[in-house]
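J.: Next up is a structure, given as structure tokens.
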Amino acid sequence: MTSTGNALMRSLPAIDELLRAPAGEALGARFGREFATTILREVVTAARARLASEGAAAMPAVDAEALLAAAEARLVSLVTPALRPVLNLTGTVLHTNLGRAPLPQAAIDAMTAVAAGASNLEFDLDSGRRGDRDSHVEAWICRLTGAEAATVVNNNAAAVLLLLNTLAPRREVIVSRGELVEIGGAFRIPDVMSRAGAKLVEVGTTNRTHRADFEAAIGERTALLMKVHTSNYAIHGFTHAVPEVELAACAHGRGLPFVVDLGSGTLIDLSRHGLPHEQTVAETLAAGADLVSFSGDKLLGGPQAGIIAGRADLVRRIKKNPMKRALRVDKLTLAALGAVLTLYADPARAVRELPALRLLTRPRAEIDEVARRVLPAVVAALGEHAEVDVVDCASQIGSGALPVDLLASAALRIAPRVTRGNAVERLARAFRRLPLPVVGRVSDGALLFDLRCLDDEAGFVAQLPRLAWPR
Ligand SMILES: *Cc1c(COP(=O)(O)O)cnc(C)c1O
């Protein structure tokens with residue numbers, strides 16, 4: 001270390017001294033004295049370490065003022081919520097990593113109403129006795145799907161786990177080999193099956209499974225027949241899957257239940273609203289499924305939840321499983337889900353008011369209008385450093401719903417004029433560092449912002465002057 005470095009090290013102010021300075025007092029008052037002290041100590045320790053390793057030249061000004069300012073910046077960043085809103089311009093509407101379905105105002109209002117105080121979560125206001133938390137949504141689920149009964153848990157993965165653990169512990173569950181799906185984030189049917197205590201029996205081949213395959217596999221230890229929606233892939237060509245009515249007949253002929261993990265699970269016929277057809281929960285139950293499980297935050301457009309709907313006797317057994325207690329949802333989820341379900345009373349209204357469905361069905365002309373309005377601001381922000389145009393693109397539904405169907409959309413394509421040092425990646429990072437981070441996708445040397453999901457145009461445009469892009 002240089003002699004000036006040594007001298008600086010000795011002259012680093014003591015923590016006490018920093019806390020007594022007016023700016024230090026202010027930090028103590030704002031963040032709590034103990035917390036402010038801890039962070040000041042961290043900042044001073046870091047400064048000392050840097051001085052020791054890099055010398056004074058690397059740190060020209062380590063006076064009290066600089067240390068207090070560094071501590072303040074650190075304190076502010078620590079108390080800023082880590083989980084925050086972003087703009088999803090990736091083109092994947094139901095993006096699992098970006099929180100899936102945006103909630104409608106009605107759901108946010110319902111959550112707010114029960115968040116601050118007590119509610120009748122498990123309390124029957126008529127009798128004054130203990131109630132069932134599912135009661136707040138069960139009737140609506142039944143009305144919309146034709147199910148006799150229903151229950152709600154944390155997500156669809158939990159729903160499948162609970163269902164199998166209740167109906168098939170130490171017994172066999174027959175599934176087509178073509179449906180042993182892995183959903184992103186380590187949900188794999190064979191693994192969930194073994195964790196539930198059930199034994200998987202695979203039948204058929206990857207591309208073709210026949211009714212006879214199921215019939216041959218049914219034995220004394222069979223608990224149920226199961227169908228799993230092949231959410232995120234499609235098998236084309238020489239294929240055969242057993243239709244649900246036949247699987248149901250096959251199971252019922254042997255006195256067994258037939259259950260379906262429907263994955264996304266839509267409540268209405270999406271083909272009437274310009275989207276590809278996806279079998280509804282009601283259609284699945286009508287085809288003979290005894291239980292159907294599906295997510296709350298995929299095509300349904302609600303909060304994260306897993307719904308099990310179907311036969312009353314089976315749902316009753318599921319509710320009695322002690323695991324239900326561990327997988328249950330909280331009051332906020334139930335409030336939001338209840339509000340979302342009531343919107344489905346009028347399917348056209350659901351498509352209008354549920355952001356997920358509204359964005360999925362957003363007309364191409366409207367997306368073009370968004371592009372026309374925001375383009376000048378983006379051109380102005382990037383100056384001559386990038387080429388910006390509007391291009392055709394295709395959005396995806398996401399979350400494993402209808403994986404091969406793409407929706408025509410428009411994107412801003414931002415291509416840096418220099419390509420050195422991975423300029424596109426740096427540009428993408430600069431957009432992610434904005435106060436309202438903007439997340440796009442990089443394709444072919446350019447950054448693409450699919451505008452289908454851009455609702456907050458003003459918020460997007462207002463922060464562009466703050467883009468810090470080291471060109
Ligand atoms: C998405 C999906 C799941 C998991 O649902 P989560 O709500 O994400 O837990 C399970 N099965 C299928 C077929 C799915 O598509």
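The way I read the labels, and the way they are meant: chains A, B, ... in the order of the structure tokens, residue 1 as the first residue of every chain, and ligand 1 as the first ligand shown, with later ones counted on from there.
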Could you find all residues in stretch 195-397 of chain A that DSSP calls alpha helix (DSSP H) from the backbone, and write them as an MDAnalysis selection string?
T.: chainID A and resid 195 211:217 244:253 281:286 312:320 322:327 331:343 347:353 355:360 364:382
J.: Could you give me, as a ChimeraX atom specification, every polymer residue with an atom at most 10 Å away from an atom of ligand 1, counting only C-alpha atoms and all ligand atoms?
T.: /A:96,100,153-161,179-189,192,227-232,260-265,293-298,303-307,398-402
J.: From stretch 275-470 of chain A, collect each residue whose DSSP state is strand (DSSP E) and return the set as an NGL selection string.
T.: :A and (291-295 or 306-310 or 386-396 or 406-416 or 438-439 or 441-443 or 446-450)
J.: With a distance cut-off of 9 Å and only C-alpha atoms, select the neighbouring residues of A:Leu343, excluding the residue or stretch itself and same-chain residues fewer than 4 positions from it, and output the selection as number ranges by chain.
T.: A: 106, 338-339, 347, 349-351, 353-354
J.: Please determine, counting only C-alpha atoms, which residue among A:Ala21, A:Ala56, A:Val438, A:Ala309 has the shortest atom-to-atom distance to A:Leu87.
T.: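 Smallest distance to A:Leu87 is found for A:Val438.
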J.: Using only C-alpha atoms for the distances, tell me which of A:Glu138, A:Asp269, A:Glu384, A:Glu65 is nearest to A:Leu19.
T.: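 Ranked by minimum distance to A:Leu19, first place goes to A:Glu65.
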J.: Would you please work out which residue, of A:Ala52, A:Leu427, A:Leu285, A:Val242, is nearest to A:Glu215 when using only C-alpha atoms?
T.: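 Once distances to A:Glu215 are computed over only C-alpha atoms, the minimum belongs to A:Val242.
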J.: In Å, with one decimal, what is the gap from atom CA of A:Leu467 to atom CA of A:Arg433?
T.: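 Distance between the two atoms: 8.0 Å.
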J.: I'd like the contact shell of A:Val175 - 7 Å cut-off, only C-alpha atoms, skipping same-chain residues fewer than 3 positions apart - returned as a list of chain:residue names.
T.: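 Non-adjacent residues within range: A:Val201, A:Glu202, A:Val203, A:Leu225, A:Met226, A:Lys227.
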J.: Taking C-alpha atoms for each residue, export the selection above as a compact mmCIF listing (two decimals), in the first residue's frame.
T.:
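Saved as selection.txt:
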# COMPACT_ATOMS: atom_id res chain seq x y z
CA VAL A 201 -47.89 -47.10 -14.78
CA GLU A 202 -47.04 -45.86 -18.27
CA VAL A 203 -48.94 -47.32 -21.18
CA LEU A 225 -56.81 -43.52 -14.85
CA MET A 226 -55.28 -40.14 -15.55
CA LYS A 227 -54.97 -37.85 -18.54
J.: If I take atom CA of A:Ala282 and atom CA of A:Leu163, how far is one from the other in Å, to one decimal?
T.: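 About the pair atom CA of A:Ala282 and atom CA of A:Leu163: they are 18.7 Å apart.
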J.: Just want the 8 Å neighbourhood of A:Leu224, counted on only C-alpha atoms, with same-chain residues fewer than 5 positions away dropped. Output as a PyMOL selection string.
T.: chain A and resi 167-168+172-174+251+256-259
J.: Show me, as a list in words, the residues that have an atom within 9 Å of stretch 43-46 of chain A when counting only C-alpha atoms, minus same-chain residues fewer than 6 positions from it.
T.: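 Near stretch 43-46 of chain A, the qualifying residues are Leu12, Pro13, Ala14, Ile15, Leu67, Leu68, Ala70, Ala71 and Arg74 of chain A.
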J.: Please tabulate, as JSON lines, the residues of stretch 141-212 of chain A that come within 8 Å of stretch 115-134 of chain A, each with its closest pair of atoms and the distance in Å to one decimal, counting only C-alpha atoms and ordering rows by chain, then residue number upward.
T.:
{"residue": "A:Ala150", "atom": "CA", "partner": "A:Asp134", "partner_atom": "CA", "distance": 7.7}
{"residue": "A:Thr151", "atom": "CA", "partner": "A:Asp134", "partner_atom": "CA", "distance": 5.8}
{"residue": "A:Val152", "atom": "CA", "partner": "A:Asp134", "partner_atom": "CA", "distance": 6.5}
J.: Just write the chosen residues, N, CA and C atoms, as a PDB file, in the first residue's frame.
T.:
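Printed below is part34.pdb as written:
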ATOM      1  N   ALA A 150     -65.933 -28.499  -5.490  1.00  0.00           N
ATOM      2  CA  ALA A 150     -64.603 -28.025  -5.879  1.00  0.00           C
ATOM      3  C   ALA A 150     -63.805 -27.614  -4.658  1.00  0.00           C
ATOM      4  N   THR A 151     -62.491 -27.593  -4.808  1.00  0.00           N
ATOM      5  CA  THR A 151     -61.611 -27.109  -3.752  1.00  0.00           C
ATOM      6  C   THR A 151     -60.439 -26.378  -4.404  1.00  0.00           C
ATOM      7  N   VAL A 152     -59.807 -25.501  -3.613  1.00  0.00           N
ATOM      8  CA  VAL A 152     -58.744 -24.653  -4.170  1.00  0.00           C
ATOM      9  C   VAL A 152     -57.475 -24.796  -3.335  1.00  0.00           C
TER      10      VAL A 152
END
J.: Please provide the set of residues having any atom within 9 Å of A:Thr112, restricted to only C-alpha atoms, with same-chain residues fewer than 4 positions apart removed, written as a ChimeraX atom specification.
T.: /A:107-108,116,332,335
J.: Go through A:Val424, A:Val79, A:Ala336, A:Ala241 and flag the residue nearest A:Pro104, using only C-alpha atoms for the distances.
T.: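 Residue with the minimum atom-to-atom distance to A:Pro104: A:Ala336.
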J.: At what distance in Å, to one decimal, does atom CA of A:Leu464 lie from atom CA of A:Ala430?
T.: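 The value is 10.3 Å.
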J.: Determine the nearest neighbour of A:Ala411 from the options A:Ser77, A:Asn207, A:Ser395, A:Ser11, counting only C-alpha atoms.
T.: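 For A:Ala411, the nearest of the given residues is A:Ser395.
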J.: Residues of stretch 182-272 of chain A that approach stretch 361-369 of chain A to 12 Å or less, counting only C-alpha atoms: could you list each one with the shortest pair of atoms and its distance in Å to one decimal, rows by chain and increasing residue number, as CSV?
T.:
residue,atom,partner,partner_atom,distance
A:Leu270,CA,A:Thr361,CA,9.3
A:Ser271,CA,A:Thr361,CA,10.4
A:Arg272,CA,A:Thr361,CA,10.6
J.: Can you write just those residues out, C-alpha atoms, as an mmCIF file, in the first residue's frame?
T.:
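In the end it all went to selection38.cif:
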data_model
loop_
_atom_site.group_PDB
_atom_site.id
_atom_site.type_symbol
_atom_site.label_atom_id
_atom_site.label_comp_id
_atom_site.auth_asym_id
_atom_site.auth_seq_id
_atom_site.Cartn_x
_atom_site.Cartn_y
_atom_site.Cartn_z
ATOM 1 C CA LEU A 270 -61.960 -19.116 -26.570
ATOM 2 C CA SER A 271 -62.547 -19.841 -30.247
ATOM 3 C CA ARG A 272 -65.566 -17.526 -30.084
#
J.: Go through A:Arg171, A:Arg254, A:His240, A:Arg195 one by one, measure the shortest atom-to-atom distance of each to A:Ala223 using only C-alpha atoms, and give the residue with the smallest value.
T.: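 Comparing A:Arg171, A:Arg254, A:His240, A:Arg195 against A:Ala223, the winner is A:Arg171.
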